[in-house]
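The structure appears below as C-alpha cells.
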Amino acid sequence: MDLQSGYYEDSDTLLLALRQRDPAAFAYLFEQYSDKTYRLAASLLKDEVAAEGVVQDTFLRLIERLDQFEGRANLGTWLYRIAYNLSVDRLRKRKPELELEDEPGDGRLPLPVHLVEWQQWPEKLLSDGEVTRALDEAIAALPEKFRIVFVLREVEGLSTQETAEITNLSLSATKVRLHRARLFLREQLTQSLLAIGAE
Amino acid sequence: MKCEELLQYLSDYIDQELDDALTTEAQEHLATCHNCRVVLDSTQQTIFLFREQGKRSIPAQSRSRLFDQLQDAFLTSKTS
C-alpha cells in the first residue's frame, strides 16, 4: 500500500486494516502518531528516555485493545489519551504531590509585569541558541496542568475539544488553562529576552 | 473596555472566539492602549515561537528500534 495515497486517512478504513493486522496500516499509524505521543510524554515527563517508554507502552496498549476499541472516539485522540494517562501515571510515581485538578486560585489572572515590545522578528529569535534555551526553560517552569494543555493546543495544533477529551477537562477549564499558560510563557520569555538583550 | 477585561478576553481575541460586539470593543481599546497592544503582540509572538520550536521528534535510532519492536508485537498479536 502506498502510504502517500491517503488510503488510511479515513479512520474506519485504518481501524479495519489494523484489525486485519495489515503491516502498512501499522506503519502509517506509527508514522502519524509516534512523534506526537513522544512530544506529549516528553513535555510532561521532561525525560526523553521515559518519553520513549511511554510511546512503546502506548502502542502496545493499542495493539492489546485494538479489538475492543469501539470507534466512537477518533483513533488519534484515543492514542493521545493512552499516552497522557501513561505519562501521568509515571509522573505521579515520581511526584506524588502532582496537582492536575483545579485549585481555588486558578481563576485569578496575574497582571502582566514586563511591558516591553519585542524588537526582533520571532523567526530571527529562533536562530539564537540562548533564545531556544530560554524557550525550553520557560515551558519547563510552567506547571504540568498548564503545560500539557499548551502543548496539545499550540504545538500539536489540536482543538480545544480534543484537548479537553484527552486531559479529561471541561471545555472552559481547558480554555482557562491555555490562557494562563500563554500569559505565563509571554512573561517568562519577555523577561529572558530582556536579560539576554534579544528583545 | 478596560485593561483588565482585555486581559481576560485576550486568548479568545487571539483565537477569534469573541462575538462581534466584544471584538469591536477590544479593537477600540487596543487602538488606544499601548501596554495592551504590547501584551497582545508579545503573546502572539510567544505562541509562534513555541509552535515553531516545539516540533521535536524521537531520535532516529530509537525510532527505528521502537518501530521494529512494535511491528513485531502487532503482527504476532491475535486477530479477532
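Residue numbering restarts at 1 for every chain of the C-alpha cells, chains are lettered A, B, ... in their displayed order, and ligands are numbered from 1 as they appear.
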Sorted per-residue table, chain B near chain A, closest atoms and distance, 9 Å, only C-alpha atoms, as JSON lines:
{"residue": "B:Glu4", "atom": "CA", "partner": "A:Leu111", "partner_atom": "CA", "distance": 8.1}
{"residue": "B:Leu7", "atom": "CA", "partner": "A:Leu111", "partner_atom": "CA", "distance": 8.1}
{"residue": "B:Gln8", "atom": "CA", "partner": "A:Leu109", "partner_atom": "CA", "distance": 7.6}
{"residue": "B:Tyr9", "atom": "CA", "partner": "A:His179", "partner_atom": "CA", "distance": 8.9}
{"residue": "B:Leu10", "atom": "CA", "partner": "A:His179", "partner_atom": "CA", "distance": 7.8}
{"residue": "B:Ser11", "atom": "CA", "partner": "A:His179", "partner_atom": "CA", "distance": 5.6}
{"residue": "B:Asp12", "atom": "CA", "partner": "A:His179", "partner_atom": "CA", "distance": 8.5}
{"residue": "B:Asn35", "atom": "CA", "partner": "A:Leu115", "partner_atom": "CA", "distance": 6.1}
{"residue": "B:Cys36", "atom": "CA", "partner": "A:Leu115", "partner_atom": "CA", "distance": 8.4}
{"residue": "B:Val38", "atom": "CA", "partner": "A:Glu117", "partner_atom": "CA", "distance": 5.7}
{"residue": "B:Val39", "atom": "CA", "partner": "A:Leu115", "partner_atom": "CA", "distance": 6.7}
{"residue": "B:Asp41", "atom": "CA", "partner": "A:Glu117", "partner_atom": "CA", "distance": 7.9}
{"residue": "B:Ser42", "atom": "CA", "partner": "A:Arg186", "partner_atom": "CA", "distance": 6.4}
{"residue": "B:Thr43", "atom": "CA", "partner": "A:Arg186", "partner_atom": "CA", "distance": 5.4}
{"residue": "B:Gln44", "atom": "CA", "partner": "A:Arg186", "partner_atom": "CA", "distance": 8.7}
{"residue": "B:Gln45", "atom": "CA", "partner": "A:Pro122", "partner_atom": "CA", "distance": 6.2}
{"residue": "B:Thr46", "atom": "CA", "partner": "A:Arg186", "partner_atom": "CA", "distance": 5.7}
{"residue": "B:Ile47", "atom": "CA", "partner": "A:Glu154", "partner_atom": "CA", "distance": 6.9}
{"residue": "B:Phe48", "atom": "CA", "partner": "A:Pro122", "partner_atom": "CA", "distance": 7.3}
{"residue": "B:Leu49", "atom": "CA", "partner": "A:Pro122", "partner_atom": "CA", "distance": 6.2}
{"residue": "B:Phe50", "atom": "CA", "partner": "A:Val155", "partner_atom": "CA", "distance": 6.7}
{"residue": "B:Arg51", "atom": "CA", "partner": "A:Val155", "partner_atom": "CA", "distance": 4.8}
{"residue": "B:Glu52", "atom": "CA", "partner": "A:Val155", "partner_atom": "CA", "distance": 7.8}
{"residue": "B:Gln53", "atom": "CA", "partner": "A:Leu126", "partner_atom": "CA", "distance": 7.4}
{"residue": "B:Gly54", "atom": "CA", "partner": "A:Val155", "partner_atom": "CA", "distance": 5.8}
{"residue": "B:Lys55", "atom": "CA", "partner": "A:Val155", "partner_atom": "CA", "distance": 6.8}
{"residue": "B:Arg56", "atom": "CA", "partner": "A:Arg39", "partner_atom": "CA", "distance": 6.8}
{"residue": "B:Ser57", "atom": "CA", "partner": "A:Asp35", "partner_atom": "CA", "distance": 5.2}
{"residue": "B:Ile58", "atom": "CA", "partner": "A:Asp35", "partner_atom": "CA", "distance": 5.9}
{"residue": "B:Ser62", "atom": "CA", "partner": "A:Glu52", "partner_atom": "CA", "distance": 7.7}
{"residue": "B:Arg63", "atom": "CA", "partner": "A:Ser34", "partner_atom": "CA", "distance": 8.3}
{"residue": "B:Leu66", "atom": "CA", "partner": "A:Gln56", "partner_atom": "CA", "distance": 6.7}
{"residue": "B:Phe67", "atom": "CA", "partner": "A:Phe30", "partner_atom": "CA", "distance": 7.3}
{"residue": "B:Gln69", "atom": "CA", "partner": "A:Gln56", "partner_atom": "CA", "distance": 8.6}
{"residue": "B:Leu70", "atom": "CA", "partner": "A:Leu60", "partner_atom": "CA", "distance": 6.9}
{"residue": "B:Gln71", "atom": "CA", "partner": "A:Phe26", "partner_atom": "CA", "distance": 7.1}
{"residue": "B:Ala73", "atom": "CA", "partner": "A:Leu60", "partner_atom": "CA", "distance": 7.4}
{"residue": "B:Phe74", "atom": "CA", "partner": "A:Ile63", "partner_atom": "CA", "distance": 6.0}
{"residue": "B:Leu75", "atom": "CA", "partner": "A:Arg21", "partner_atom": "CA", "distance": 5.9}
{"residue": "B:Thr76", "atom": "CA", "partner": "A:Arg21", "partner_atom": "CA", "distance": 8.7}
{"residue": "B:Ser77", "atom": "CA", "partner": "A:Ile63", "partner_atom": "CA", "distance": 7.2}
{"residue": "B:Lys78", "atom": "CA", "partner": "A:Glu64", "partner_atom": "CA", "distance": 8.6}
{"residue": "B:Thr79", "atom": "CA", "partner": "A:Arg19", "partner_atom": "CA", "distance": 6.3}
{"residue": "B:Ser80", "atom": "CA", "partner": "A:Asp67", "partner_atom": "CA", "distance": 6.3}
Please dump the current selection as a CSV table (one decimal), in the first residue's frame; keep C-alpha atoms.
chain,number,residue,atom,x,y,z
B,4,GLU,CA,-8.3,44.0,33.0
B,7,LEU,CA,-6.5,40.7,29.5
B,8,GLN,CA,-9.4,38.4,30.5
B,9,TYR,CA,-10.5,38.1,26.8
B,10,LEU,CA,-7.0,38.1,25.3
B,11,SER,CA,-6.9,34.4,24.3
B,12,ASP,CA,-10.5,34.5,23.0
B,35,ASN,CA,0.5,48.4,27.0
B,36,CYS,CA,-2.3,46.1,26.0
B,38,VAL,CA,2.4,45.1,23.6
B,39,VAL,CA,0.9,42.2,25.6
B,41,ASP,CA,1.8,41.3,20.2
B,42,SER,CA,4.2,39.5,22.5
B,43,THR,CA,1.7,36.8,23.4
B,44,GLN,CA,1.2,36.1,19.6
B,45,GLN,CA,5.0,36.1,19.2
B,46,THR,CA,5.3,33.7,22.1
B,47,ILE,CA,2.8,31.3,20.6
B,48,PHE,CA,4.6,31.5,17.2
B,49,LEU,CA,7.9,30.7,18.8
B,50,PHE,CA,6.7,27.6,20.7
B,51,ARG,CA,4.8,26.3,17.6
B,52,GLU,CA,8.0,26.5,15.6
B,53,GLN,CA,10.4,25.2,18.2
B,54,GLY,CA,8.2,22.6,19.8
B,55,LYS,CA,8.2,20.1,16.9
B,56,ARG,CA,10.8,17.7,18.2
B,57,SER,CA,11.0,14.0,17.1
B,58,ILE,CA,12.1,10.7,18.6
B,62,SER,CA,15.3,4.9,19.0
B,63,ARG,CA,12.6,5.4,16.5
B,66,LEU,CA,10.8,1.1,18.6
B,67,PHE,CA,9.1,0.6,15.2
B,69,GLN,CA,9.7,-4.0,18.3
B,70,LEU,CA,6.2,-2.7,18.0
B,71,GLN,CA,5.6,-4.0,14.5
B,73,ALA,CA,4.2,-7.2,18.6
B,74,PHE,CA,1.5,-6.0,16.2
B,75,LEU,CA,1.9,-8.8,13.7
B,76,THR,CA,2.1,-11.6,16.3
B,77,SER,CA,-0.9,-10.3,18.2
B,78,LYS,CA,-4.2,-12.1,17.9
B,79,THR,CA,-6.8,-11.0,15.4
B,80,SER,CA,-10.5,-11.0,16.2
(message) Let's see if you can do this: from backbone DSSP, list all helix (DSSP H, G or I) residues in chain B, as a PyMOL selection string.
(response) chain B and resi 3-14+20-32+34-53+60-76
(request) Quick one: pull the distance between atom CA of Tyr7 of chain A and atom CA of Leu40 of chain A, Å, one decimal. (result) 26.4 Å
